[in-house]
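Colleague: Structure file model-v4.txt, compact mmCIF, C-alpha atoms (C1' of nucleotides), is pasted below:
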```
# COMPACT_ATOMS: atom_id res chain seq x y z
CA MET G 1 -51.71 46.35 63.20
CA LEU G 2 -52.69 42.74 63.99
CA HIS G 3 -52.61 41.60 67.59
CA ASP G 4 -53.79 38.06 66.97
CA PRO G 5 -52.91 36.27 70.22
CA ALA G 6 -52.15 32.99 68.46
CA GLN G 7 -49.75 34.75 66.09
CA LEU G 8 -48.01 36.45 69.03
CA ASP G 9 -47.69 33.06 70.74
CA LEU G 10 -45.94 31.72 67.67
CA MET G 11 -43.65 34.73 67.29
CA PHE G 12 -42.49 34.90 70.90
CA GLN G 13 -42.16 31.12 71.05
CA ALA G 14 -40.03 31.30 67.90
CA LEU G 15 -37.79 33.96 69.46
CA ALA G 16 -37.44 32.02 72.72
CA ASP G 17 -34.79 29.69 71.31
CA PRO G 18 -31.17 30.81 70.91
CA ALA G 19 -30.66 28.79 67.73
CA ARG G 20 -33.68 30.47 66.15
CA ARG G 21 -32.61 33.91 67.36
CA GLY G 22 -29.22 33.13 65.84
CA MET G 23 -30.92 32.41 62.53
CA VAL G 24 -32.90 35.68 62.73
CA GLU G 25 -29.70 37.52 63.59
CA ARG G 26 -27.99 36.00 60.55
CA LEU G 27 -30.96 36.85 58.33
CA SER G 28 -31.00 40.43 59.60
CA ARG G 29 -27.69 40.82 57.74
CA GLY G 30 -29.19 39.51 54.50
CA PRO G 31 -30.89 36.48 52.93
CA ALA G 32 -29.36 33.04 53.40
CA SER G 33 -29.80 29.45 52.31
CA VAL G 34 -30.72 26.68 54.73
CA SER G 35 -27.14 25.40 54.71
CA GLN G 36 -25.78 28.85 55.43
CA LEU G 37 -28.14 29.15 58.38
CA ALA G 38 -27.03 25.73 59.58
CA GLN G 39 -23.30 26.34 59.23
CA PRO G 40 -22.64 28.04 62.62
CA LEU G 41 -25.06 25.77 64.51
CA ALA G 42 -23.95 22.57 66.25
CA MET G 43 -26.87 20.43 65.13
CA SER G 44 -28.07 18.35 62.21
CA LEU G 45 -29.47 19.97 59.08
CA SER G 46 -32.79 18.31 59.85
CA ALA G 47 -32.93 20.13 63.17
CA VAL G 48 -32.21 23.43 61.44
CA VAL G 49 -35.03 22.82 58.96
CA GLN G 50 -37.36 22.19 61.89
CA HIS G 51 -36.31 25.49 63.47
CA LEU G 52 -36.85 27.17 60.12
CA ASN G 53 -40.38 25.73 59.98
CA VAL G 54 -41.09 27.26 63.40
CA LEU G 55 -39.82 30.63 62.18
CA GLU G 56 -41.90 30.44 59.02
CA ALA G 57 -45.05 29.37 60.89
CA SER G 58 -44.60 32.42 63.12
CA GLY G 59 -44.38 34.69 60.08
CA LEU G 60 -40.99 36.05 61.14
CA VAL G 61 -39.23 34.43 58.19
CA ARG G 62 -40.27 33.69 54.64
CA SER G 63 -38.45 31.48 52.12
CA GLU G 64 -38.59 30.38 48.55
CA LYS G 65 -36.90 27.59 46.69
CA LEU G 66 -35.05 28.08 43.43
CA GLY G 67 -33.51 24.93 42.01
CA ARG G 68 -32.21 22.98 44.99
CA VAL G 69 -31.53 26.03 47.16
CA ARG G 70 -34.07 27.49 49.56
CA THR G 71 -33.42 31.16 50.24
CA CYS G 72 -34.69 32.61 53.50
CA ARG G 73 -35.31 36.20 54.47
CA ILE G 74 -36.71 38.15 57.40
CA GLU G 75 -40.25 39.53 57.41
CA PRO G 76 -39.84 42.92 59.10
CA GLN G 77 -43.58 43.50 59.56
CA ALA G 78 -43.83 40.45 61.81
CA LEU G 79 -40.86 41.64 63.86
CA ARG G 80 -42.63 44.97 64.16
CA ALA G 81 -45.80 43.30 65.47
CA ALA G 82 -43.92 41.60 68.30
CA GLU G 83 -41.99 44.78 69.02
CA ASN G 84 -45.20 46.82 69.15
CA TRP G 85 -46.92 44.52 71.59
CA ILE G 86 -44.08 44.94 74.08
CA ASN G 87 -43.74 48.65 73.39
CA GLU G 88 -47.42 49.36 74.01
CA ARG G 89 -47.35 47.66 77.41
CA ARG G 90 -44.17 49.39 78.44
CA LEU G 91 -45.52 52.78 77.40
CA ALA G 92 -48.80 52.19 79.24
CA TRP G 93 -46.80 51.52 82.39
CA GLU G 94 -44.51 54.51 81.91
CA ARG G 95 -47.39 56.90 81.19
CA ARG G 96 -48.97 55.67 84.40
CA LEU G 97 -45.79 56.42 86.33
CA ASP G 98 -45.70 59.89 84.78
CA ARG G 99 -49.27 60.65 85.83
CA LEU G 100 -48.44 59.42 89.31
CA GLY G 101 -45.41 61.70 89.40
CA ASP G 102 -47.51 64.67 88.27
CA PHE G 103 -50.08 63.92 90.95
CA LEU G 104 -47.46 63.73 93.68
CA ALA G 105 -45.85 66.98 92.46
CA GLU G 106 -49.23 68.77 92.52
CA THR G 107 -50.05 67.66 96.04
CA ASP G 108 -46.80 69.05 97.40
CA MET U 1 -27.84 47.08 77.55
CA LEU U 2 -27.66 43.38 78.47
CA HIS U 3 -28.08 40.85 75.70
CA ASP U 4 -27.60 37.77 77.80
CA PRO U 5 -28.97 34.98 75.57
CA ALA U 6 -30.29 32.98 78.52
CA GLN U 7 -32.17 36.01 79.82
CA LEU U 8 -33.67 36.62 76.36
CA ASP U 9 -34.73 32.96 76.23
CA LEU U 10 -36.58 33.41 79.50
CA MET U 11 -38.22 36.68 78.47
CA PHE U 12 -39.45 35.53 75.08
CA GLN U 13 -40.53 32.19 76.52
CA ALA U 14 -42.45 34.09 79.20
CA LEU U 15 -44.20 36.23 76.57
CA ALA U 16 -45.06 33.21 74.42
CA ASP U 17 -48.04 32.25 76.57
CA PRO U 18 -51.37 34.11 76.30
CA ALA U 19 -52.12 33.76 80.01
CA ARG U 20 -48.77 35.33 80.87
CA ARG U 21 -49.21 38.08 78.28
CA GLY U 22 -52.62 38.70 79.84
CA MET U 23 -50.93 39.11 83.20
CA VAL U 24 -48.37 41.54 81.75
CA GLU U 25 -51.18 43.43 80.04
CA ARG U 26 -53.03 43.71 83.34
CA LEU U 27 -49.87 44.81 85.14
CA SER U 28 -49.18 47.45 82.49
CA ARG U 29 -52.27 49.22 83.86
CA GLY U 30 -50.91 49.12 87.41
CA PRO U 31 -49.75 46.78 90.18
CA ALA U 32 -51.96 43.84 91.13
CA SER U 33 -52.16 41.01 93.65
CA VAL U 34 -51.92 37.36 92.65
CA SER U 35 -55.69 36.92 93.05
CA GLN U 36 -56.36 39.96 90.92
CA LEU U 37 -54.11 38.53 88.22
CA ALA U 38 -55.91 35.21 88.52
CA GLN U 39 -59.43 36.61 88.40
CA PRO U 40 -59.90 36.85 84.59
CA LEU U 41 -58.07 33.58 83.93
CA ALA U 42 -59.84 30.24 83.65
CA MET U 43 -57.36 28.23 85.68
CA SER U 44 -56.44 27.37 89.25
CA LEU U 45 -54.64 29.83 91.49
CA SER U 46 -51.72 27.38 91.61
CA ALA U 47 -51.39 27.58 87.85
CA VAL U 48 -51.38 31.37 88.01
CA VAL U 49 -48.63 31.31 90.64
CA GLN U 50 -46.60 29.06 88.35
CA HIS U 51 -47.04 31.53 85.48
CA LEU U 52 -46.04 34.31 87.84
CA ASN U 53 -42.86 32.41 88.71
CA VAL U 54 -42.02 32.20 85.02
CA LEU U 55 -42.54 35.95 84.65
CA GLU U 56 -40.41 36.70 87.69
CA ALA U 57 -37.62 34.35 86.57
CA SER U 58 -37.56 36.22 83.27
CA GLY U 59 -37.20 39.54 85.04
CA LEU U 60 -40.30 40.97 83.37
CA VAL U 61 -42.21 41.12 86.65
CA ARG U 62 -41.19 41.76 90.23
CA SER U 63 -43.29 41.21 93.34
CA GLU U 64 -43.22 41.72 97.08
CA LYS U 65 -45.34 40.35 99.85
CA LEU U 66 -46.94 42.49 102.53
CA GLY U 67 -49.02 40.59 105.04
CA ARG U 68 -50.77 37.87 103.11
CA VAL U 69 -50.93 39.80 99.84
CA ARG U 70 -48.26 39.61 97.15
CA THR U 71 -48.21 42.70 94.97
CA CYS U 72 -46.81 42.36 91.45
CA ARG U 73 -45.55 45.01 89.09
CA ILE U 74 -43.93 45.24 85.68
CA GLU U 75 -40.20 45.76 85.24
CA PRO U 76 -40.02 48.12 82.26
CA GLN U 77 -36.25 47.73 81.78
CA ALA U 78 -36.71 44.03 81.04
CA LEU U 79 -39.47 44.80 78.56
CA ARG U 80 -37.11 47.28 76.95
CA ALA U 81 -34.38 44.62 76.62
CA ALA U 82 -36.70 42.30 74.69
CA GLU U 83 -37.99 45.19 72.61
CA ASN U 84 -34.45 46.30 71.78
CA TRP U 85 -33.32 42.90 70.62
CA ILE U 86 -36.12 42.78 68.06
CA ASN U 87 -35.69 46.42 67.12
CA GLU U 88 -31.99 46.07 66.40
CA ARG U 89 -32.53 43.13 64.05
CA ARG U 90 -35.37 44.83 62.24
CA LEU U 91 -33.34 48.02 61.81
CA ALA U 92 -30.32 46.08 60.52
CA TRP U 93 -32.55 44.53 57.87
CA GLU U 94 -34.19 47.82 56.93
CA ARG U 95 -30.88 49.67 56.69
CA ARG U 96 -29.70 46.93 54.37
CA LEU U 97 -32.76 47.38 52.17
CA ASP U 98 -32.12 51.14 52.08
CA ARG U 99 -28.52 50.68 50.96
CA LEU U 100 -29.72 48.26 48.30
CA GLY U 101 -32.28 50.82 47.14
CA ASP U 102 -29.63 53.52 46.94
CA PHE U 103 -27.38 51.23 44.94
CA LEU U 104 -30.13 50.40 42.46
CA ALA U 105 -31.05 54.08 42.14
CA GLU U 106 -27.42 54.99 41.42
CA THR U 107 -26.98 52.36 38.72
CA ASP U 108 -30.00 53.67 36.78
C1' DA Z 1 -60.85 31.89 119.03
C1' DC Z 2 -62.55 30.90 114.49
C1' DA Z 3 -63.54 31.25 109.74
C1' DA Z 4 -62.42 33.27 105.59
C1' DT Z 5 -58.82 34.96 102.68
C1' DA Z 6 -54.40 34.79 100.17
C1' DG Z 7 -51.07 32.37 98.82
C1' DT Z 8 -47.43 28.17 98.81
C1' DG Z 9 -45.49 23.58 97.51
C1' DA Z 10 -45.34 18.91 95.91
C1' DA Z 11 -46.67 15.33 93.02
C1' DG Z 12 -48.81 13.65 88.96
C1' DT Z 13 -50.36 13.75 83.95
C1' DG Z 14 -50.84 14.50 79.15
C1' DG Z 15 -49.17 17.16 75.47
C1' DT Z 16 -45.29 19.61 73.20
C1' DT Z 17 -40.52 20.60 71.92
C1' DA Z 18 -35.85 19.91 70.44
C1' DC Z 19 -33.38 17.18 68.94
C1' DT Z 20 -31.52 12.46 66.63
C1' DT Z 21 -30.91 9.04 62.75
C1' DC Z 22 -31.91 7.20 58.58
C1' DA Z 23 -33.79 6.88 54.21
C1' DG Z 24 -35.29 9.44 50.40
C1' DT Z 25 -35.86 13.14 46.27
C1' DA Z 26 -34.53 16.81 43.21
C1' DT Z 27 -30.86 19.60 41.10
C1' DT Z 28 -26.44 20.51 39.33
C1' DG Z 29 -21.55 20.37 37.86
C1' DA Z 30 -17.88 17.51 35.80
C1' DT D 1 -24.24 9.66 33.34
C1' DC D 2 -22.64 9.82 37.83
C1' DA D 3 -21.48 11.83 42.17
C1' DA D 4 -22.00 15.50 45.04
C1' DT D 5 -25.04 18.94 46.85
C1' DA D 6 -29.15 20.72 49.07
C1' DC D 7 -32.52 19.73 51.13
C1' DT D 8 -37.12 16.84 52.83
C1' DG D 9 -39.83 13.73 55.77
C1' DA D 10 -40.83 10.21 59.09
C1' DA D 11 -40.10 7.99 63.29
C1' DG D 12 -38.21 7.77 67.82
C1' DT D 13 -36.85 9.74 72.36
C1' DA D 14 -35.78 12.41 76.42
C1' DA D 15 -36.74 16.56 78.59
C1' DC D 16 -39.86 20.18 79.36
C1' DC D 17 -44.46 22.70 79.93
C1' DA D 18 -49.07 23.86 81.40
C1' DC D 19 -51.86 22.53 83.89
C1' DT D 20 -54.48 19.66 87.87
C1' DT D 21 -55.51 18.30 92.79
C1' DC D 22 -54.64 18.19 97.42
C1' DA D 23 -52.62 19.33 101.56
C1' DC D 24 -50.66 23.10 103.84
C1' DT D 25 -49.20 27.88 106.19
C1' DA D 26 -49.77 32.62 107.31
C1' DT D 27 -52.74 36.68 107.91
C1' DT D 28 -56.85 39.16 108.88
C1' DG D 29 -61.71 40.43 110.06
C1' DT D 30 -65.59 39.30 113.41
```
Mind converting the file's structure to structure tokens?
Modeller:
Amino acid sequence: MLHDPAQLDLMFQALADPARRGMVERLSRGPASVSQLAQPLAMSLSAVVQHLNVLEASGLVRSEKLGRVRTCRIEPQALRAAENWINERRLAWERRLDRLGDFLAETD
Amino acid sequence: MLHDPAQLDLMFQALADPARRGMVERLSRGPASVSQLAQPLAMSLSAVVQHLNVLEASGLVRSEKLGRVRTCRIEPQALRAAENWINERRLAWERRLDRLGDFLAETD
DNA sequence: ACAATAGTGAAGTGGTTACTTCAGTATTGA
DNA sequence: TCAATACTGAAGTAACCACTTCACTATTGT
């Protein structure tokens, strides 16, 4: 379970943009070409490719080119890494609240 | 379960910076003052306050001032919202892979 | 009362990000 | 072979981000 800070920077940064989250959302329903990713977005294809580069640099998305079509897909392990980071902090906090509750109950 | 895109932007953006993740990490172990948050960070107090503003705007952190000390704490519901967004996309993808696996197994 | 502590707010700066347009390459179908 | 398709890459730009410094206010301990 990698917690490389630089990698987390890239992943959260990648998810911080609605266009890129839209692309991840689309890819969560199955692989897609660059043009398919671009289709619902109100921006140039060049812009979409730049967003795709951000997603690939973060490790959240992987792609491969066959002929003239680049097919993109989600990398679930990377999603899991981001998810885990948040989850661990939330659980630490909630365990702390539980202990506090126990302590207060005991001292009644 | 709110999925306000603008709120998600703010949360992921907030988590995309290592200083801010450090602050969240610290706060996951219990409430802290601004100076306590600043102590391990190699930057001015002003910079830390600016990071704190980003965290508060995102809803991930809440704070209140008593006397001259501002005490900050984590907002676990906001963490959960970010966590859920990722989780839902990852699960959608993995369910899809499972169905694909079933299909391939059937056509053997 | 005074100094130390704890934070606030504004302005400035250099680097990054999210686009654009335009010009180009490789692949494919007719 | 020719046109359409599917990208790719570079350059430019405006807006934003992560700081800095400096000047300031409010609170507290002696």
Colleague: Take chain U, lay it over chain G with a least-squares fit on all the Cα atoms in order, then hand it over as a short mmCIF file (atom, residue, chain, number, x, y, z; two decimals) with C-alpha atoms, in the frame of the given file.
Modeller:
```cif
data_model
loop_
_atom_site.label_atom_id
_atom_site.label_comp_id
_atom_site.auth_asym_id
_atom_site.auth_seq_id
_atom_site.Cartn_x
_atom_site.Cartn_y
_atom_site.Cartn_z
CA MET U 1 -51.78 46.35 63.25
CA LEU U 2 -52.71 42.72 63.98
CA HIS U 3 -52.67 41.57 67.57
CA ASP U 4 -53.83 38.05 66.95
CA PRO U 5 -52.94 36.25 70.21
CA ALA U 6 -52.16 32.98 68.44
CA GLN U 7 -49.78 34.75 66.07
CA LEU U 8 -48.04 36.46 69.01
CA ASP U 9 -47.71 33.07 70.72
CA LEU U 10 -45.95 31.73 67.66
CA MET U 11 -43.66 34.74 67.28
CA PHE U 12 -42.54 34.92 70.89
CA GLN U 13 -42.19 31.14 71.04
CA ALA U 14 -40.05 31.32 67.90
CA LEU U 15 -37.81 33.98 69.45
CA ALA U 16 -37.46 32.05 72.72
CA ASP U 17 -34.82 29.72 71.31
CA PRO U 18 -31.18 30.83 70.91
CA ALA U 19 -30.67 28.81 67.74
CA ARG U 20 -33.69 30.48 66.15
CA ARG U 21 -32.61 33.93 67.35
CA GLY U 22 -29.22 33.15 65.83
CA MET U 23 -30.94 32.42 62.54
CA VAL U 24 -32.91 35.68 62.71
CA GLU U 25 -29.72 37.54 63.58
CA ARG U 26 -27.99 36.03 60.56
CA LEU U 27 -30.95 36.85 58.32
CA SER U 28 -31.00 40.45 59.57
CA ARG U 29 -27.69 40.83 57.72
CA GLY U 30 -29.19 39.51 54.49
CA PRO U 31 -30.90 36.49 52.92
CA ALA U 32 -29.35 33.06 53.40
CA SER U 33 -29.81 29.45 52.33
CA VAL U 34 -30.71 26.69 54.77
CA SER U 35 -27.12 25.40 54.76
CA GLN U 36 -25.78 28.86 55.43
CA LEU U 37 -28.15 29.17 58.38
CA ALA U 38 -27.04 25.76 59.59
CA GLN U 39 -23.31 26.36 59.26
CA PRO U 40 -22.64 28.10 62.63
CA LEU U 41 -25.05 25.84 64.53
CA ALA U 42 -23.95 22.66 66.27
CA MET U 43 -26.85 20.50 65.18
CA SER U 44 -28.08 18.41 62.27
CA LEU U 45 -29.46 19.98 59.12
CA SER U 46 -32.80 18.33 59.92
CA ALA U 47 -32.92 20.16 63.22
CA VAL U 48 -32.20 23.45 61.47
CA VAL U 49 -35.02 22.82 59.00
CA GLN U 50 -37.35 22.19 61.93
CA HIS U 51 -36.32 25.50 63.50
CA LEU U 52 -36.86 27.16 60.15
CA ASN U 53 -40.38 25.73 60.02
CA VAL U 54 -41.09 27.27 63.41
CA LEU U 55 -39.83 30.64 62.19
CA GLU U 56 -41.91 30.43 59.02
CA ALA U 57 -45.05 29.37 60.91
CA SER U 58 -44.60 32.43 63.10
CA GLY U 59 -44.39 34.69 60.08
CA LEU U 60 -41.00 36.06 61.12
CA VAL U 61 -39.24 34.43 58.17
CA ARG U 62 -40.27 33.68 54.62
CA SER U 63 -38.45 31.48 52.13
CA GLU U 64 -38.58 30.36 48.53
CA LYS U 65 -36.88 27.56 46.69
CA LEU U 66 -35.01 28.01 43.43
CA GLY U 67 -33.45 24.87 42.06
CA ARG U 68 -32.18 22.94 45.03
CA VAL U 69 -31.51 26.00 47.18
CA ARG U 70 -34.05 27.48 49.58
CA THR U 71 -33.41 31.15 50.24
CA CYS U 72 -34.69 32.61 53.51
CA ARG U 73 -35.31 36.20 54.47
CA ILE U 74 -36.71 38.16 57.39
CA GLU U 75 -40.25 39.53 57.40
CA PRO U 76 -39.84 42.91 59.09
CA GLN U 77 -43.59 43.50 59.52
CA ALA U 78 -43.82 40.45 61.78
CA LEU U 79 -40.86 41.65 63.82
CA ARG U 80 -42.63 44.98 64.12
CA ALA U 81 -45.81 43.29 65.43
CA ALA U 82 -43.90 41.61 68.26
CA GLU U 83 -41.99 44.79 68.97
CA ASN U 84 -45.20 46.81 69.10
CA TRP U 85 -46.92 44.51 71.54
CA ILE U 86 -44.09 44.95 74.03
CA ASN U 87 -43.77 48.65 73.32
CA GLU U 88 -47.43 49.36 73.96
CA ARG U 89 -47.37 47.65 77.35
CA ARG U 90 -44.18 49.37 78.40
CA LEU U 91 -45.53 52.77 77.35
CA ALA U 92 -48.82 52.18 79.20
CA TRP U 93 -46.82 51.50 82.35
CA GLU U 94 -44.53 54.49 81.89
CA ARG U 95 -47.41 56.87 81.17
CA ARG U 96 -49.00 55.66 84.38
CA LEU U 97 -45.82 56.39 86.32
CA ASP U 98 -45.71 59.88 84.78
CA ARG U 99 -49.28 60.65 85.83
CA LEU U 100 -48.46 59.40 89.31
CA GLY U 101 -45.40 61.66 89.39
CA ASP U 102 -47.47 64.65 88.32
CA PHE U 103 -50.03 63.90 90.99
CA LEU U 104 -47.39 63.68 93.71
CA ALA U 105 -45.76 66.90 92.49
CA GLU U 106 -49.11 68.71 92.59
CA THR U 107 -49.94 67.61 96.13
CA ASP U 108 -46.64 69.00 97.46
#
```
Colleague: I'd like the contact shell of DA6 (chain D) - 9 Å cut-off, only C-alpha atoms (C1' of nucleotides), skipping same-chain residues fewer than 2 positions apart - returned as a list in words.
Modeller: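 Once the adjacent positions are removed, what remains is Val34, Ser35, Arg68, Val69 and Arg70 of chain G; DA26 and DT27 of chain Z.
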Colleague: For a test of reading the model, state the distance in Å between CA of Gln13 (chain G) and CA of Arg62 (chain U), rounded to one decimal.
Modeller: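 We find that CA of Gln13 (chain G) and CA of Arg62 (chain U) lie 22.0 Å from each other.
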Colleague: Neighbouring residues of Leu52 (chain U) were defined as those with any atom within 12 Å, considering only C-alpha atoms (C1' of nucleotides); residues of the same chain fewer than 5 positions away were excluded. Please report them as a ChimeraX atom specification.
Modeller: /U:14-15,17,19-24,27,32-35,37-38,45-47,57-63,70-74
Colleague: Which residue out of G:Phe12, G:Leu104, G:Val54, G:Val48 has the minimum interatomic distance to Glu83 (chain U) when all atoms listed in the file are used?
Modeller: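 Using all atoms listed in the file, the shortest distance to Glu83 (chain U) belongs to G:Phe12.
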Colleague: If we count all atoms listed in the file, which residues of chain D reach to within 9 Å of chain G? Please list them as a ChimeraX atom specification.
Modeller: /D:5-8
Colleague: Can you tell me, as a VMD selection string, what residues are no more than 12 Å from DT20 (chain Z) when counting only C-alpha atoms (C1' of nucleotides), ignoring any on the same chain fewer than 2 positions away?
Modeller: (chain G and resid 43 to 47) or (chain Z and resid 18 22) or (chain D and resid 11 to 14)
Colleague: Here is a test: counting all atoms listed in the file, which residue of D:DA10, D:DT28, D:DA15, D:DT21 is nearest to DT21 (chain Z)?
Modeller: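 The shortest atom-to-atom distance to DT21 (chain Z) comes from D:DA10.
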Colleague: Starting from 6 Å padding per side, set up an axis-aligned box that covers all listed atoms of region 16-30 of chain U and hand over centre and edge lengths in Å, one decimal, as AutoDock Vina command-line options.
Modeller:
```
--center_x -49.0 --center_y 40.7 --center_z 80.9 --size_x 20.0 --size_y 29.0 --size_z 25.0
```
Colleague: Listing only residues of chain U within 8 Å of chain G, what is the closest atom pair and its distance in Å (to one decimal) for each, using all atoms listed in the file, sorted by chain and residue number ascending, as a Markdown table?
Modeller:
```
| residue | atom | partner | partner_atom | distance |
| --- | --- | --- | --- | --- |
| U:Pro5 | CA | G:Pro18 | CA | 6.6 |
| U:Ala6 | CA | G:Pro18 | CA | 8.0 |
| U:Leu8 | CA | G:Ala16 | CA | 7.0 |
| U:Asp9 | CA | G:Ala16 | CA | 4.5 |
| U:Leu10 | CA | G:Ala16 | CA | 7.0 |
| U:Met11 | CA | G:Ala16 | CA | 7.4 |
| U:Phe12 | CA | G:Ala16 | CA | 4.7 |
| U:Gln13 | CA | G:Ala16 | CA | 4.9 |
| U:Leu15 | CA | G:Phe12 | CA | 6.1 |
| U:Ala16 | CA | G:Asp9 | CA | 4.5 |
| U:Asp17 | CA | G:Asp9 | CA | 5.9 |
| U:Pro18 | CA | G:Pro5 | CA | 6.6 |
| U:Val24 | CA | G:Arg89 | CA | 7.6 |
| U:Glu25 | CA | G:Arg89 | CA | 6.3 |
| U:Leu27 | CA | G:Trp93 | CA | 7.9 |
| U:Ser28 | CA | G:Trp93 | CA | 4.7 |
| U:Arg29 | CA | G:Trp93 | CA | 6.1 |
| U:Gly30 | CA | G:Trp93 | CA | 6.9 |
| U:Ile74 | CA | G:Trp93 | CA | 7.6 |
| U:Pro76 | CA | G:Arg90 | CA | 5.8 |
| U:Leu79 | CA | G:Ile86 | CA | 6.4 |
| U:Arg80 | CA | G:Arg90 | CA | 7.5 |
| U:Ala82 | CA | G:Ile86 | CA | 7.9 |
| U:Glu83 | CA | G:Glu83 | CA | 5.4 |
| U:Ile86 | CA | G:Glu83 | CA | 6.3 |
| U:Asn87 | CA | G:Glu83 | CA | 6.8 |
| U:Arg89 | CA | G:Ser28 | CA | 5.4 |
| U:Arg90 | CA | G:Pro76 | CA | 5.8 |
| U:Ala92 | CA | G:Ser28 | CA | 5.8 |
| U:Trp93 | CA | G:Ser28 | CA | 4.7 |
| U:Glu94 | CA | G:Pro76 | CA | 7.8 |
| U:Arg96 | CA | G:Arg29 | CA | 7.3 |
```
Colleague: Could you write out that same residue set with C-alpha atoms as a tab-separated table (two decimals), keeping the file's coordinate frame?
Modeller:
```tsv
chain	number	residue	atom	x	y	z
U	5	PRO	CA	-28.97	34.98	75.57
U	6	ALA	CA	-30.29	32.98	78.52
U	8	LEU	CA	-33.67	36.62	76.36
U	9	ASP	CA	-34.73	32.96	76.23
U	10	LEU	CA	-36.58	33.41	79.50
U	11	MET	CA	-38.22	36.68	78.47
U	12	PHE	CA	-39.45	35.53	75.08
U	13	GLN	CA	-40.53	32.19	76.52
U	15	LEU	CA	-44.20	36.23	76.57
U	16	ALA	CA	-45.06	33.21	74.42
U	17	ASP	CA	-48.04	32.25	76.57
U	18	PRO	CA	-51.37	34.11	76.30
U	24	VAL	CA	-48.37	41.54	81.75
U	25	GLU	CA	-51.18	43.43	80.04
U	27	LEU	CA	-49.87	44.81	85.14
U	28	SER	CA	-49.18	47.45	82.49
U	29	ARG	CA	-52.27	49.22	83.86
U	30	GLY	CA	-50.91	49.12	87.41
U	74	ILE	CA	-43.93	45.24	85.68
U	76	PRO	CA	-40.02	48.12	82.26
U	79	LEU	CA	-39.47	44.80	78.56
U	80	ARG	CA	-37.11	47.28	76.95
U	82	ALA	CA	-36.70	42.30	74.69
U	83	GLU	CA	-37.99	45.19	72.61
U	86	ILE	CA	-36.12	42.78	68.06
U	87	ASN	CA	-35.69	46.42	67.12
U	89	ARG	CA	-32.53	43.13	64.05
U	90	ARG	CA	-35.37	44.83	62.24
U	92	ALA	CA	-30.32	46.08	60.52
U	93	TRP	CA	-32.55	44.53	57.87
U	94	GLU	CA	-34.19	47.82	56.93
U	96	ARG	CA	-29.70	46.93	54.37
```
Colleague: Mind listing as a list in words which residues of chain Z are within 10 Å of chain U, counting all atoms listed in the file?
Modeller: DT5, DA6, DG7, DT8 and DG9 of chain Z
Colleague: I'd like the interatomic distance between CA of Leu66 (chain G) and C1' of DA3 (chain D), to a tenth of an Å.
Modeller: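 Here the two named atoms are 21.2 Å from each other.
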Colleague: What is the C1' of DG15 (chain Z) to CA of Asn53 (chain G) distance in Å?
Modeller: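 Taking C1' of DG15 (chain Z) as the start and CA of Asn53 (chain G) as the end point, the length is 19.8 Å.
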Colleague: Give as number ranges by chain every residue, naming chains and numbers as the document does, that has an atom within 8 Å of (-63.8, 38.3, 115.5), counting all atoms listed in the file.
Modeller: Z: 1-2; D: 29-30
